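Everything on this sheet refers to the single structure shown next.
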Amino acid sequence: SGGVDSSVAAYLLKEQGYDVIGLFMKNWHDDSVVISRECPWLEDSNDALIVAQKLGIPFQTIDLSKEYKERIVDYMFNEYEQGRTPNPDVLCNREIKFDIFLKTALKLGADYVATGHYCSKAETQNVDGSKTYHLLAGKDQNKDQSYFLCQLNQEQLSKVLFPIGELQKSVVREIAREQDLVC
């Protein structure tokens with residue numbers, strides 16, 4: 001996103017020897033329903049591009065706005081009409097970020113998708129040789145975001161990295177300052 005958390009996540013992975021690319025997902029661009037003339041996705045995309053340039057990594061934007069409207073916005077309105085209040089963050093992670101976005105990244109040759117979520121994962125080896133992945137709370141209890149990823153399945157968890165999950169937010173901010181990643 002170009003924010004502090006995702007920027008530091010990219011930096012840490014690069015430092016660990018991963019071949020990192022920046023992939024920005026554009027989820028909304030219908031200016032007819034925004035409150036101001038600002039264009040938040042464009043600003044976020046520019047921030048992410050600046051970070052990618054600072055880190056010396058390739059950068060690409062993918063437009064998922066059609067899928068986002070169909071899978072998230074339309075669903076949310078339908079649920080509201082039924083008197084229910086779904087959580088859009090949980091839904092977006094399951095339906096967009098770790099479904100369509102993940103599949104797109106894998107098609108582009110990625111092995112994993114890394115995010116700036118404050119959570120972590122563990123894996124256990126099963127008797128049959130397969131692995132079971134476990135989503136864990138982030139070290140920073142004030143920033144833990146594991147709840148927002150609670151609906152990820154085993155396949156999705158096997159393909160995700162959480163580089164900042166074992167860090168406190170204050171440490172992430174310090175790394176961002178040291179590396180001049182704060183836009």
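Letters A, B, ... mark the chains of the structure tokens in the order given; residue numbers begin at 1 per chain; ligand numbers begin at 1, in order shown.
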Check your understanding: If you count only C-alpha atoms, which residues fall within 12 Å of Ser130 in chain A, apart from same-chain ones fewer than 6 positions away, as a ChimeraX atom specification?
Key -> /A:123-124,154-155,158
Practice item. Fewer than 5 positions away in the same chain doesn't count, so skip those; otherwise give me all residues within 9 Å of Asn87 in chain A, counting only C-alpha atoms, as a ChimeraX atom specification. Key: /A:76,92,148
Since we have the selection now, will you write its residues out, keeping N, CA, C and O atoms, as a CSV table (one decimal), in the first residue's frame?
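Saved the output as result05.csv:
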```csv
chain,number,residue,atom,x,y,z
A,76,MET,N,-22.0,-6.6,0.8
A,76,MET,CA,-22.3,-5.8,1.9
A,76,MET,C,-23.7,-5.2,1.9
A,76,MET,O,-24.4,-5.2,2.9
A,92,CYS,N,-12.9,-8.8,2.7
A,92,CYS,CA,-11.9,-8.4,1.6
A,92,CYS,C,-10.6,-9.3,1.7
A,92,CYS,O,-10.1,-9.6,0.6
A,148,PHE,N,-8.7,-10.2,11.5
A,148,PHE,CA,-9.1,-9.9,10.1
A,148,PHE,C,-8.7,-10.9,9.1
A,148,PHE,O,-9.2,-10.9,7.9
```
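Taking range 94-131 of chain A and asking which residues DSSP calls alpha helix (DSSP H) on the backbone, you get Leu102, Lys103, Thr104, Ala105, Leu106 and Lys107 of chain A.
Rounded to one decimal, CA of Leu136 in chain A and CA of Ile62 in chain A lie 28.9 Å from each other.
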Review point. Rounded to one decimal in Å, what is the spacing between CA of Leu135 in chain A and CA of Leu161 in chain A?
Key: 10.9 Å
If you take only C-alpha atoms and a cut-off of 10 Å, which residues of range 92-171 of chain A touch range 16-24 of chain A, and what are their nearest atom pairs and distances in Å to one decimal, in chain and number order, as CSV?
```
residue,atom,partner,partner_atom,distance
A:Phe101,CA,A:Leu23,CA,9.0
A:Thr104,CA,A:Leu23,CA,9.7
A:Ala105,CA,A:Leu23,CA,7.8
A:Ala110,CA,A:Ile21,CA,8.5
A:Asp111,CA,A:Asp19,CA,9.8
A:Tyr112,CA,A:Val20,CA,9.7
A:Val113,CA,A:Leu23,CA,9.3
A:Ala114,CA,A:Val20,CA,9.3
A:Pro163,CA,A:Gln16,CA,10.0
```
Write to file, as a PDB file, in the first residue's frame, the residues of the selection just made, with all heavy atoms.
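Output file again.pdb follows:
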```pdb
ATOM      1  N   PHE A 101      -6.134 -11.581  -5.601  1.00  0.00           N
ATOM      2  CA  PHE A 101      -4.811 -10.947  -5.576  1.00  0.00           C
ATOM      3  C   PHE A 101      -3.715 -12.004  -5.449  1.00  0.00           C
ATOM      4  O   PHE A 101      -2.723 -11.972  -6.181  1.00  0.00           O
ATOM      5  CB  PHE A 101      -4.740  -9.953  -4.406  1.00  0.00           C
ATOM      6  CG  PHE A 101      -3.450  -9.207  -4.305  1.00  0.00           C
ATOM      7  CD1 PHE A 101      -3.177  -8.139  -5.141  1.00  0.00           C
ATOM      8  CD2 PHE A 101      -2.505  -9.548  -3.350  1.00  0.00           C
ATOM      9  CE1 PHE A 101      -1.981  -7.428  -5.041  1.00  0.00           C
ATOM     10  CE2 PHE A 101      -1.316  -8.853  -3.240  1.00  0.00           C
ATOM     11  CZ  PHE A 101      -1.057  -7.789  -4.089  1.00  0.00           C
ATOM     12  N   THR A 104      -3.325 -13.896  -8.668  1.00  0.00           N
ATOM     13  CA  THR A 104      -2.661 -13.055  -9.657  1.00  0.00           C
ATOM     14  C   THR A 104      -1.156 -13.013  -9.402  1.00  0.00           C
ATOM     15  O   THR A 104      -0.357 -13.141 -10.332  1.00  0.00           O
ATOM     16  CB  THR A 104      -3.252 -11.625  -9.632  1.00  0.00           C
ATOM     17  OG1 THR A 104      -4.652 -11.702  -9.913  1.00  0.00           O
ATOM     18  CG2 THR A 104      -2.569 -10.722 -10.645  1.00  0.00           C
ATOM     19  N   ALA A 105      -0.769 -12.838  -8.144  1.00  0.00           N
ATOM     20  CA  ALA A 105       0.651 -12.804  -7.797  1.00  0.00           C
ATOM     21  C   ALA A 105       1.326 -14.127  -8.151  1.00  0.00           C
ATOM     22  O   ALA A 105       2.443 -14.135  -8.695  1.00  0.00           O
ATOM     23  CB  ALA A 105       0.812 -12.501  -6.312  1.00  0.00           C
ATOM     24  N   ALA A 110       5.189 -15.230  -8.400  1.00  0.00           N
ATOM     25  CA  ALA A 110       5.496 -15.113  -6.971  1.00  0.00           C
ATOM     26  C   ALA A 110       5.345 -16.472  -6.283  1.00  0.00           C
ATOM     27  O   ALA A 110       4.530 -17.303  -6.691  1.00  0.00           O
ATOM     28  CB  ALA A 110       4.554 -14.097  -6.316  1.00  0.00           C
ATOM     29  N   ASP A 111       6.130 -16.664  -5.260  1.00  0.00           N
ATOM     30  CA  ASP A 111       5.995 -17.844  -4.412  1.00  0.00           C
ATOM     31  C   ASP A 111       5.081 -17.557  -3.224  1.00  0.00           C
ATOM     32  O   ASP A 111       4.424 -18.460  -2.710  1.00  0.00           O
ATOM     33  CB  ASP A 111       7.360 -18.290  -3.886  1.00  0.00           C
ATOM     34  CG  ASP A 111       8.277 -18.765  -5.003  1.00  0.00           C
ATOM     35  OD1 ASP A 111       7.799 -19.481  -5.904  1.00  0.00           O
ATOM     36  OD2 ASP A 111       9.466 -18.405  -4.970  1.00  0.00           O
ATOM     37  N   TYR A 112       5.081 -16.299  -2.789  1.00  0.00           N
ATOM     38  CA  TYR A 112       4.306 -15.880  -1.624  1.00  0.00           C
ATOM     39  C   TYR A 112       3.751 -14.479  -1.845  1.00  0.00           C
ATOM     40  O   TYR A 112       4.249 -13.737  -2.668  1.00  0.00           O
ATOM     41  CB  TYR A 112       5.191 -15.804  -0.362  1.00  0.00           C
ATOM     42  CG  TYR A 112       5.875 -17.083  -0.004  1.00  0.00           C
ATOM     43  CD1 TYR A 112       7.198 -17.314  -0.375  1.00  0.00           C
ATOM     44  CD2 TYR A 112       5.210 -18.063   0.727  1.00  0.00           C
ATOM     45  CE1 TYR A 112       7.843 -18.488  -0.036  1.00  0.00           C
ATOM     46  CE2 TYR A 112       5.847 -19.241   1.064  1.00  0.00           C
ATOM     47  CZ  TYR A 112       7.161 -19.452   0.684  1.00  0.00           C
ATOM     48  OH  TYR A 112       7.787 -20.615   1.017  1.00  0.00           O
ATOM     49  N   VAL A 113       2.763 -14.140  -1.017  1.00  0.00           N
ATOM     50  CA  VAL A 113       2.318 -12.769  -0.876  1.00  0.00           C
ATOM     51  C   VAL A 113       2.652 -12.381   0.556  1.00  0.00           C
ATOM     52  O   VAL A 113       2.340 -13.122   1.497  1.00  0.00           O
ATOM     53  CB  VAL A 113       0.804 -12.613  -1.145  1.00  0.00           C
ATOM     54  CG1 VAL A 113       0.306 -11.267  -0.656  1.00  0.00           C
ATOM     55  CG2 VAL A 113       0.499 -12.776  -2.617  1.00  0.00           C
ATOM     56  N   ALA A 114       3.306 -11.258   0.709  1.00  0.00           N
ATOM     57  CA  ALA A 114       3.644 -10.752   2.035  1.00  0.00           C
ATOM     58  C   ALA A 114       2.801  -9.519   2.305  1.00  0.00           C
ATOM     59  O   ALA A 114       2.514  -8.744   1.394  1.00  0.00           O
ATOM     60  CB  ALA A 114       5.124 -10.406   2.102  1.00  0.00           C
ATOM     61  N   PRO A 163       5.981 -10.460   7.611  1.00  0.00           N
ATOM     62  CA  PRO A 163       7.316 -10.057   8.070  1.00  0.00           C
ATOM     63  C   PRO A 163       7.357  -9.199   9.320  1.00  0.00           C
ATOM     64  O   PRO A 163       8.356  -9.188  10.024  1.00  0.00           O
ATOM     65  CB  PRO A 163       7.886  -9.280   6.881  1.00  0.00           C
ATOM     66  CG  PRO A 163       7.062  -9.682   5.721  1.00  0.00           C
ATOM     67  CD  PRO A 163       5.710 -10.033   6.256  1.00  0.00           C
TER      68      PRO A 163
END
```
Check your understanding: Residues at most 12 Å from Gln168 in chain A, counting only C-alpha atoms, excluding those fewer than 2 positions away in the same chain, as a list in words?
Key -> Asp5, His117, Tyr118, Cys119, Gly138, Lys139, Asp140, Gln141, Asn142, Lys143, Asp144, Pro163, Ile164, Gly165, Glu166, Ser170, Val171, Val172, Arg173, Glu174 and Ile175 of chain A
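When DSSP is run on the backbone, the residues of range 32-145 of chain A that fall into strand (DSSP E) are Phe59, Gln60, Thr61, Ile62, Asp63, Val113, Ala114, Cys119, Ser120, Lys121, Ala122, Glu123, Thr124, Gln125, Lys131, Thr132, Tyr133, His134, Leu135, Leu136 and Ala137 of chain A.
Using only C-alpha atoms, the smallest distance between any of A:Asp47, A:Glu178, A:Glu79, A:Asp63 and Ser6 in chain A comes from A:Asp47.
Interatomic distance, CA of Ser146 in chain A to CA of Gly3 in chain A: 18.6 Å.
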Point to revise | Nearest to Asn93 in chain A by atom-to-atom distance, counting only C-alpha atoms, from A:Tyr80, A:Phe59, A:Tyr75, A:Tyr147 | key: A:Tyr147
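Around Phe98 in chain A, within 9 Å and counting only C-alpha atoms, the residues found are A:Cys92, A:Val113, A:Leu152, A:Gln156, A:Leu157, A:Lys159, A:Val160, once anything fewer than 6 positions away on its own chain is removed.
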Would you list the contacts of Met25 in chain A as a short mmCIF file (atom, residue, chain, number, x, y, z; two decimals) with all heavy atoms, in the first residue's frame, taking every protein, DNA or RNA residue within 10 Å and counting only C-alpha atoms, but skipping same-chain residues closer than 2 positions in sequence?
```cif
data_model
loop_
_atom_site.label_atom_id
_atom_site.label_comp_id
_atom_site.auth_asym_id
_atom_site.auth_seq_id
_atom_site.Cartn_x
_atom_site.Cartn_y
_atom_site.Cartn_z
N SER A 1 0.82 -1.21 0.00
CA SER A 1 0.00 0.00 0.00
C SER A 1 0.85 1.26 0.00
O SER A 1 0.35 2.33 -0.25
CB SER A 1 -0.92 0.00 1.21
OG SER A 1 -0.16 0.16 2.40
N GLY A 22 6.81 -5.15 -5.78
CA GLY A 22 5.68 -4.41 -5.22
C GLY A 22 4.48 -4.60 -6.12
O GLY A 22 4.55 -4.34 -7.32
N LEU A 23 3.39 -5.05 -5.55
CA LEU A 23 2.16 -5.27 -6.31
C LEU A 23 1.04 -4.56 -5.58
O LEU A 23 0.69 -4.93 -4.46
CB LEU A 23 1.89 -6.78 -6.43
CG LEU A 23 0.87 -7.25 -7.43
CD1 LEU A 23 1.22 -6.77 -8.85
CD2 LEU A 23 0.80 -8.78 -7.42
N ASN A 27 -8.69 -1.21 -5.64
CA ASN A 27 -10.00 -1.80 -5.38
C ASN A 27 -11.17 -0.89 -5.70
O ASN A 27 -12.30 -1.36 -5.75
CB ASN A 27 -10.10 -2.23 -3.91
CG ASN A 27 -9.21 -3.40 -3.61
OD1 ASN A 27 -8.85 -4.17 -4.49
ND2 ASN A 27 -8.84 -3.54 -2.36
N TRP A 28 -10.91 0.38 -5.87
CA TRP A 28 -12.05 1.29 -6.08
C TRP A 28 -11.59 2.51 -6.84
O TRP A 28 -10.55 3.08 -6.54
CB TRP A 28 -12.61 1.73 -4.73
CG TRP A 28 -13.95 2.36 -4.86
CD1 TRP A 28 -14.23 3.69 -4.89
CD2 TRP A 28 -15.20 1.69 -4.99
NE1 TRP A 28 -15.58 3.89 -5.02
CE2 TRP A 28 -16.21 2.67 -5.08
CE3 TRP A 28 -15.58 0.35 -5.04
CZ2 TRP A 28 -17.55 2.36 -5.22
CZ3 TRP A 28 -16.93 0.05 -5.17
CH2 TRP A 28 -17.89 1.05 -5.26
N TRP A 41 -6.89 6.12 -3.87
CA TRP A 41 -6.15 4.98 -4.43
C TRP A 41 -4.95 5.46 -5.23
O TRP A 41 -3.90 4.83 -5.24
CB TRP A 41 -7.05 4.07 -5.28
CG TRP A 41 -7.41 4.63 -6.63
CD1 TRP A 41 -8.52 5.30 -6.98
CD2 TRP A 41 -6.60 4.56 -7.81
NE1 TRP A 41 -8.46 5.67 -8.29
CE2 TRP A 41 -7.29 5.22 -8.84
CE3 TRP A 41 -5.36 4.00 -8.10
CZ2 TRP A 41 -6.78 5.34 -10.12
CZ3 TRP A 41 -4.85 4.12 -9.39
CH2 TRP A 41 -5.58 4.79 -10.38
N ASP A 44 -2.28 6.48 -2.73
CA ASP A 44 -1.69 5.27 -2.14
C ASP A 44 -0.78 4.58 -3.14
O ASP A 44 0.31 4.11 -2.79
CB ASP A 44 -2.79 4.30 -1.69
CG ASP A 44 -3.58 4.82 -0.50
OD1 ASP A 44 -3.13 5.77 0.16
OD2 ASP A 44 -4.66 4.24 -0.24
N SER A 45 -1.22 4.51 -4.39
CA SER A 45 -0.40 3.89 -5.43
C SER A 45 0.91 4.65 -5.63
O SER A 45 1.97 4.04 -5.77
CB SER A 45 -1.19 3.84 -6.75
OG SER A 45 -0.40 3.31 -7.79
N GLN A 60 4.10 -2.85 -9.77
CA GLN A 60 3.00 -3.01 -10.71
C GLN A 60 1.68 -2.80 -9.99
O GLN A 60 1.53 -3.15 -8.82
CB GLN A 60 3.05 -4.43 -11.29
CG GLN A 60 2.04 -4.70 -12.36
CD GLN A 60 2.27 -6.09 -12.98
OE1 GLN A 60 3.35 -6.64 -12.94
NE2 GLN A 60 1.23 -6.64 -13.55
N THR A 61 0.71 -2.21 -10.67
CA THR A 61 -0.63 -2.03 -10.13
C THR A 61 -1.58 -2.97 -10.88
O THR A 61 -1.49 -3.09 -12.09
CB THR A 61 -1.12 -0.58 -10.32
OG1 THR A 61 -0.25 0.29 -9.58
CG2 THR A 61 -2.54 -0.39 -9.85
N ILE A 62 -2.46 -3.63 -10.12
CA ILE A 62 -3.49 -4.45 -10.76
C ILE A 62 -4.85 -3.92 -10.33
O ILE A 62 -5.05 -3.53 -9.18
CB ILE A 62 -3.35 -5.95 -10.42
CG1 ILE A 62 -3.39 -6.21 -8.92
CG2 ILE A 62 -2.08 -6.51 -11.01
CD1 ILE A 62 -3.44 -7.68 -8.56
N ASP A 63 -5.77 -3.85 -11.27
CA ASP A 63 -7.10 -3.31 -11.03
C ASP A 63 -8.05 -4.44 -10.65
O ASP A 63 -8.39 -5.29 -11.48
CB ASP A 63 -7.59 -2.58 -12.28
CG ASP A 63 -8.89 -1.84 -12.05
OD1 ASP A 63 -9.53 -2.02 -11.00
OD2 ASP A 63 -9.29 -1.07 -12.95
N LEU A 64 -8.48 -4.45 -9.41
CA LEU A 64 -9.43 -5.44 -8.91
C LEU A 64 -10.76 -4.78 -8.54
O LEU A 64 -11.54 -5.35 -7.78
CB LEU A 64 -8.85 -6.18 -7.71
CG LEU A 64 -7.55 -6.95 -7.95
CD1 LEU A 64 -7.04 -7.58 -6.67
CD2 LEU A 64 -7.75 -7.99 -9.03
N SER A 65 -11.00 -3.58 -9.07
CA SER A 65 -12.19 -2.83 -8.67
C SER A 65 -13.49 -3.53 -9.07
O SER A 65 -14.48 -3.49 -8.33
CB SER A 65 -12.14 -1.41 -9.22
OG SER A 65 -11.97 -1.41 -10.61
N ILE A 96 -10.66 -11.02 -1.74
CA ILE A 96 -9.86 -10.23 -2.67
C ILE A 96 -8.36 -10.45 -2.44
O ILE A 96 -7.67 -11.02 -3.28
CB ILE A 96 -10.20 -8.72 -2.57
CG1 ILE A 96 -11.70 -8.48 -2.82
CG2 ILE A 96 -9.34 -7.91 -3.53
CD1 ILE A 96 -12.19 -8.85 -4.21
N LYS A 97 -7.85 -10.01 -1.30
CA LYS A 97 -6.40 -10.04 -1.08
C LYS A 97 -5.82 -11.44 -1.13
O LYS A 97 -4.78 -11.67 -1.73
CB LYS A 97 -6.06 -9.37 0.26
CG LYS A 97 -4.57 -9.17 0.44
CD LYS A 97 -4.26 -8.42 1.71
CE LYS A 97 -4.66 -6.96 1.54
NZ LYS A 97 -4.44 -6.14 2.72
N PHE A 101 -6.13 -11.58 -5.60
CA PHE A 101 -4.81 -10.95 -5.58
C PHE A 101 -3.71 -12.00 -5.45
O PHE A 101 -2.72 -11.97 -6.18
CB PHE A 101 -4.74 -9.95 -4.41
CG PHE A 101 -3.45 -9.21 -4.31
CD1 PHE A 101 -3.18 -8.14 -5.14
CD2 PHE A 101 -2.51 -9.55 -3.35
CE1 PHE A 101 -1.98 -7.43 -5.04
CE2 PHE A 101 -1.32 -8.85 -3.24
CZ PHE A 101 -1.06 -7.79 -4.09
#
```
